[in-house]
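Chemist: Quick one: the structure is below, questions incoming.
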Amino acid sequence: MKYEYNISGEDFSQVGVASQDIKKKLQQLGVPITTVKRTAIAMFEAEINMVIHAHGGEATVDIGDDTITIIMEDKGPGIPDIELAMKPGYSTATEEARNLGWGAGMGLPNMQRNSDFLHIESTVGVGTKVTMEIKIADE
């Protein structure tokens with residue numbers, strides 16, 4: 001099953017709508033709760049990064065028999081140094097985002113921690129594509 005979402009940019013009230021919808025769909029499908037939680041966390045972190053840094057983007061989620069694939073793609077400013085951005089606590093969030101409690105610099109590390117596979121492609125001035133895979137746990 002494949003689902004597509006438009007992530008609205010700079011609208012903090014809409015953050016999490018897509019990840020919550022996927023969480024609900026996975027629960028309805030009877031996916032083990034550990035997999036549901038990991039998927040929701042990874043996707044939420046990508047979603048908030050899109051809103052804070054890239055003015056939104058597109059999310060595609062493919063639920064397979066044994067793997068959930070999440071692709072988050074934006075046309076934002078890109079990530080100049082992915083290795084640096086992966087360090088816990090590193091953040092380029094705006095003051096507005098920080099005042100709302102976002103931008104603690106844990107987005108990419110949390111995405112990596114909750115995914116079995118994480119690949120980031122980014123070009124400064126063009127955008128970023130994040131691919132995450134989460135294996136469906138046996139319970």
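Starting from 1 in every chain, residues are counted up; chains themselves are A, B, ... following the order of the structure tokens, and ligands are numbered from 1 as listed.
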List every residue of stretch 56-118 of chain A that has an atom at most 10 Å from any atom of stretch 14-27 of chain A, and for each one report the closest atom pair and its distance in Å to one decimal, counting only C-alpha atoms, with rows sorted by chain and then by increasing residue number, as a Markdown table.
Modeler:
```
| residue | atom | partner | partner_atom | distance |
| --- | --- | --- | --- | --- |
| A:Gly56 | CA | A:Val15 | CA | 9.9 |
| A:Ala59 | CA | A:Ala18 | CA | 8.1 |
| A:Thr60 | CA | A:Ala18 | CA | 9.8 |
| A:Val61 | CA | A:Ile22 | CA | 8.0 |
| A:Ile63 | CA | A:Leu26 | CA | 8.4 |
| A:Ile68 | CA | A:Leu26 | CA | 9.7 |
```
Chemist: Identify all residues of chain A in strand (DSSP E) (DSSP on the backbone) and supply them as a PyMOL selection string.
Modeler: chain A and resi 2-8+56-63+67-74+117-123+127-135
Chemist: Limited to N, CA and C atoms, could you put the picked residues into a file as a CSV table (one decimal), in the first residue's frame?
Modeler:
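So the final result, stored in result-v1.csv, reads:
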```csv
chain,number,residue,atom,x,y,z
A,2,LYS,N,0.5,2.2,-0.8
A,2,LYS,CA,1.3,3.4,-0.9
A,2,LYS,C,0.4,4.6,-0.6
A,3,TYR,N,1.0,5.5,0.2
A,3,TYR,CA,0.3,6.7,0.6
A,3,TYR,C,1.2,7.9,0.3
A,4,GLU,N,0.6,9.0,-0.1
A,4,GLU,CA,1.3,10.2,-0.4
A,4,GLU,C,0.7,11.4,0.4
A,5,TYR,N,1.6,12.3,0.8
A,5,TYR,CA,1.2,13.4,1.7
A,5,TYR,C,1.9,14.7,1.2
A,6,ASN,N,1.2,15.8,1.2
A,6,ASN,CA,1.8,17.1,1.0
A,6,ASN,C,2.1,17.7,2.4
A,7,ILE,N,3.3,17.9,2.7
A,7,ILE,CA,3.7,18.5,4.0
A,7,ILE,C,3.7,20.0,3.9
A,8,SER,N,2.8,20.7,4.6
A,8,SER,CA,2.7,22.1,4.5
A,8,SER,C,3.9,22.8,5.1
A,56,GLY,N,8.2,22.9,3.7
A,56,GLY,CA,7.3,21.8,3.3
A,56,GLY,C,7.9,20.9,2.3
A,57,GLY,N,7.1,19.9,1.8
A,57,GLY,CA,7.6,19.0,0.8
A,57,GLY,C,6.6,17.9,0.6
A,58,GLU,N,7.1,16.8,0.1
A,58,GLU,CA,6.2,15.6,-0.2
A,58,GLU,C,6.7,14.4,0.6
A,59,ALA,N,5.8,13.6,1.1
A,59,ALA,CA,6.1,12.4,1.8
A,59,ALA,C,5.4,11.2,1.1
A,60,THR,N,6.1,10.1,0.9
A,60,THR,CA,5.5,8.9,0.3
A,60,THR,C,5.9,7.8,1.3
A,61,VAL,N,4.9,7.0,1.6
A,61,VAL,CA,5.0,5.9,2.5
A,61,VAL,C,4.5,4.6,1.8
A,62,ASP,N,5.4,3.6,1.7
A,62,ASP,CA,5.0,2.4,1.1
A,62,ASP,C,5.1,1.3,2.1
A,63,ILE,N,4.0,0.7,2.4
A,63,ILE,CA,3.9,-0.4,3.4
A,63,ILE,C,3.9,-1.7,2.7
A,67,THR,N,8.6,-4.6,5.2
A,67,THR,CA,9.3,-3.3,5.3
A,67,THR,C,8.4,-2.1,5.0
A,68,ILE,N,8.6,-1.0,5.8
A,68,ILE,CA,7.9,0.2,5.5
A,68,ILE,C,9.0,1.2,5.0
A,69,THR,N,8.7,1.7,3.8
A,69,THR,CA,9.7,2.7,3.2
A,69,THR,C,9.0,4.1,3.2
A,70,ILE,N,9.8,5.0,3.8
A,70,ILE,CA,9.4,6.4,3.9
A,70,ILE,C,10.3,7.2,3.0
A,71,ILE,N,9.8,8.0,2.1
A,71,ILE,CA,10.6,8.9,1.3
A,71,ILE,C,10.0,10.3,1.5
A,72,MET,N,10.9,11.2,2.0
A,72,MET,CA,10.6,12.6,2.3
A,72,MET,C,11.4,13.5,1.4
A,73,GLU,N,10.8,14.3,0.6
A,73,GLU,CA,11.5,15.0,-0.4
A,73,GLU,C,11.0,16.5,-0.4
A,74,ASP,N,12.0,17.4,-0.4
A,74,ASP,CA,11.7,18.8,-0.4
A,74,ASP,C,12.5,19.6,-1.4
A,117,PHE,N,17.4,1.6,8.0
A,117,PHE,CA,18.1,2.1,6.9
A,117,PHE,C,17.8,3.6,6.7
A,118,LEU,N,18.8,4.5,6.6
A,118,LEU,CA,18.6,5.9,6.4
A,118,LEU,C,19.6,6.4,5.3
A,119,HIS,N,19.0,7.0,4.3
A,119,HIS,CA,19.9,7.6,3.3
A,119,HIS,C,19.4,9.0,3.0
A,120,ILE,N,20.4,10.0,3.0
A,120,ILE,CA,20.1,11.4,2.8
A,120,ILE,C,20.8,11.8,1.6
A,121,GLU,N,20.1,12.4,0.6
A,121,GLU,CA,20.7,13.0,-0.6
A,121,GLU,C,20.3,14.5,-0.5
A,122,SER,N,21.3,15.4,-0.5
A,122,SER,CA,21.0,16.8,-0.4
A,122,SER,C,21.9,17.6,-1.3
A,123,THR,N,21.3,18.6,-2.0
A,123,THR,CA,22.1,19.5,-2.8
A,123,THR,C,21.7,20.9,-2.3
A,127,GLY,N,17.5,21.0,-2.7
A,127,GLY,CA,16.6,20.3,-1.9
A,127,GLY,C,17.2,19.1,-1.3
A,128,THR,N,16.4,18.3,-0.6
A,128,THR,CA,16.8,17.1,0.2
A,128,THR,C,15.8,16.0,0.0
A,129,LYS,N,16.4,14.8,-0.2
A,129,LYS,CA,15.6,13.6,-0.2
A,129,LYS,C,16.1,12.6,0.9
A,130,VAL,N,15.2,12.3,1.7
A,130,VAL,CA,15.5,11.3,2.8
A,130,VAL,C,14.7,10.0,2.6
A,131,THR,N,15.4,8.9,2.6
A,131,THR,CA,14.8,7.6,2.4
A,131,THR,C,15.1,6.8,3.7
A,132,MET,N,14.0,6.3,4.3
A,132,MET,CA,14.1,5.5,5.5
A,132,MET,C,13.4,4.2,5.3
A,133,GLU,N,13.9,3.1,5.8
A,133,GLU,CA,13.3,1.8,5.8
A,133,GLU,C,13.2,1.3,7.2
A,134,ILE,N,12.0,0.8,7.5
A,134,ILE,CA,11.8,0.2,8.9
A,134,ILE,C,11.3,-1.2,8.6
A,135,LYS,N,12.0,-2.2,9.2
A,135,LYS,CA,11.6,-3.6,9.1
A,135,LYS,C,10.4,-3.8,10.0
```
Chemist: Point out the residue among A:Gly64, A:Gly9, A:Gly105, A:Pro77 with the least atom-to-atom distance to A:Glu47, counting only C-alpha atoms.
Modeler: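 Of A:Gly64, A:Gly9, A:Gly105, A:Pro77, the one nearest A:Glu47 is A:Gly9, counting only C-alpha atoms.
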Chemist: Go through A:Ile52, A:Arg38, A:Gly30, A:Ala46 and flag the residue nearest A:Thr94, using only C-alpha atoms for the distances.
Modeler: A:Ile52
Chemist: Measure the distance from atom CA of A:Gln112 to atom CA of A:Gly78 in Å and round it to one decimal.
Modeler: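 Those two atoms sit 18.1 Å apart.
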Chemist: Would you mind listing what lies within 9 Å of A:Ala104 as a PyMOL selection string, with only C-alpha atoms counted and same-chain residues fewer than 6 positions away left out?
Modeler: chain A and resi 88-91+93+98
Chemist: Could you please take those selected residues and save N, CA and C atoms as a PDB file, in the first residue's frame?
Modeler:
```pdb
ATOM      1  N   PRO A  88      23.988  14.854  17.319  1.00  0.00           N
ATOM      2  CA  PRO A  88      22.955  15.242  18.280  1.00  0.00           C
ATOM      3  C   PRO A  88      23.211  16.644  18.832  1.00  0.00           C
ATOM      4  N   GLY A  89      22.186  17.465  18.803  1.00  0.00           N
ATOM      5  CA  GLY A  89      22.263  18.821  19.324  1.00  0.00           C
ATOM      6  C   GLY A  89      22.584  19.886  18.294  1.00  0.00           C
ATOM      7  N   TYR A  90      23.071  19.483  17.120  1.00  0.00           N
ATOM      8  CA  TYR A  90      23.368  20.467  16.081  1.00  0.00           C
ATOM      9  C   TYR A  90      22.053  20.921  15.452  1.00  0.00           C
ATOM     10  N   SER A  91      21.860  22.221  15.355  1.00  0.00           N
ATOM     11  CA  SER A  91      20.603  22.731  14.809  1.00  0.00           C
ATOM     12  C   SER A  91      20.813  24.051  14.092  1.00  0.00           C
ATOM     13  N   ALA A  93      17.812  25.613  13.296  1.00  0.00           N
ATOM     14  CA  ALA A  93      16.412  26.049  13.392  1.00  0.00           C
ATOM     15  C   ALA A  93      16.321  27.546  13.647  1.00  0.00           C
ATOM     16  N   ARG A  98      12.469  27.517  17.556  1.00  0.00           N
ATOM     17  CA  ARG A  98      12.990  27.251  18.908  1.00  0.00           C
ATOM     18  C   ARG A  98      12.020  27.748  19.977  1.00  0.00           C
TER      19      ARG A  98
END
```
Chemist: Pick from A:Pro80, A:His53, A:Met106, A:Leu29: nearest to A:Ile136, with only C-alpha atoms counted?
Modeler: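 Using only C-alpha atoms, the shortest distance to A:Ile136 belongs to A:Leu29.
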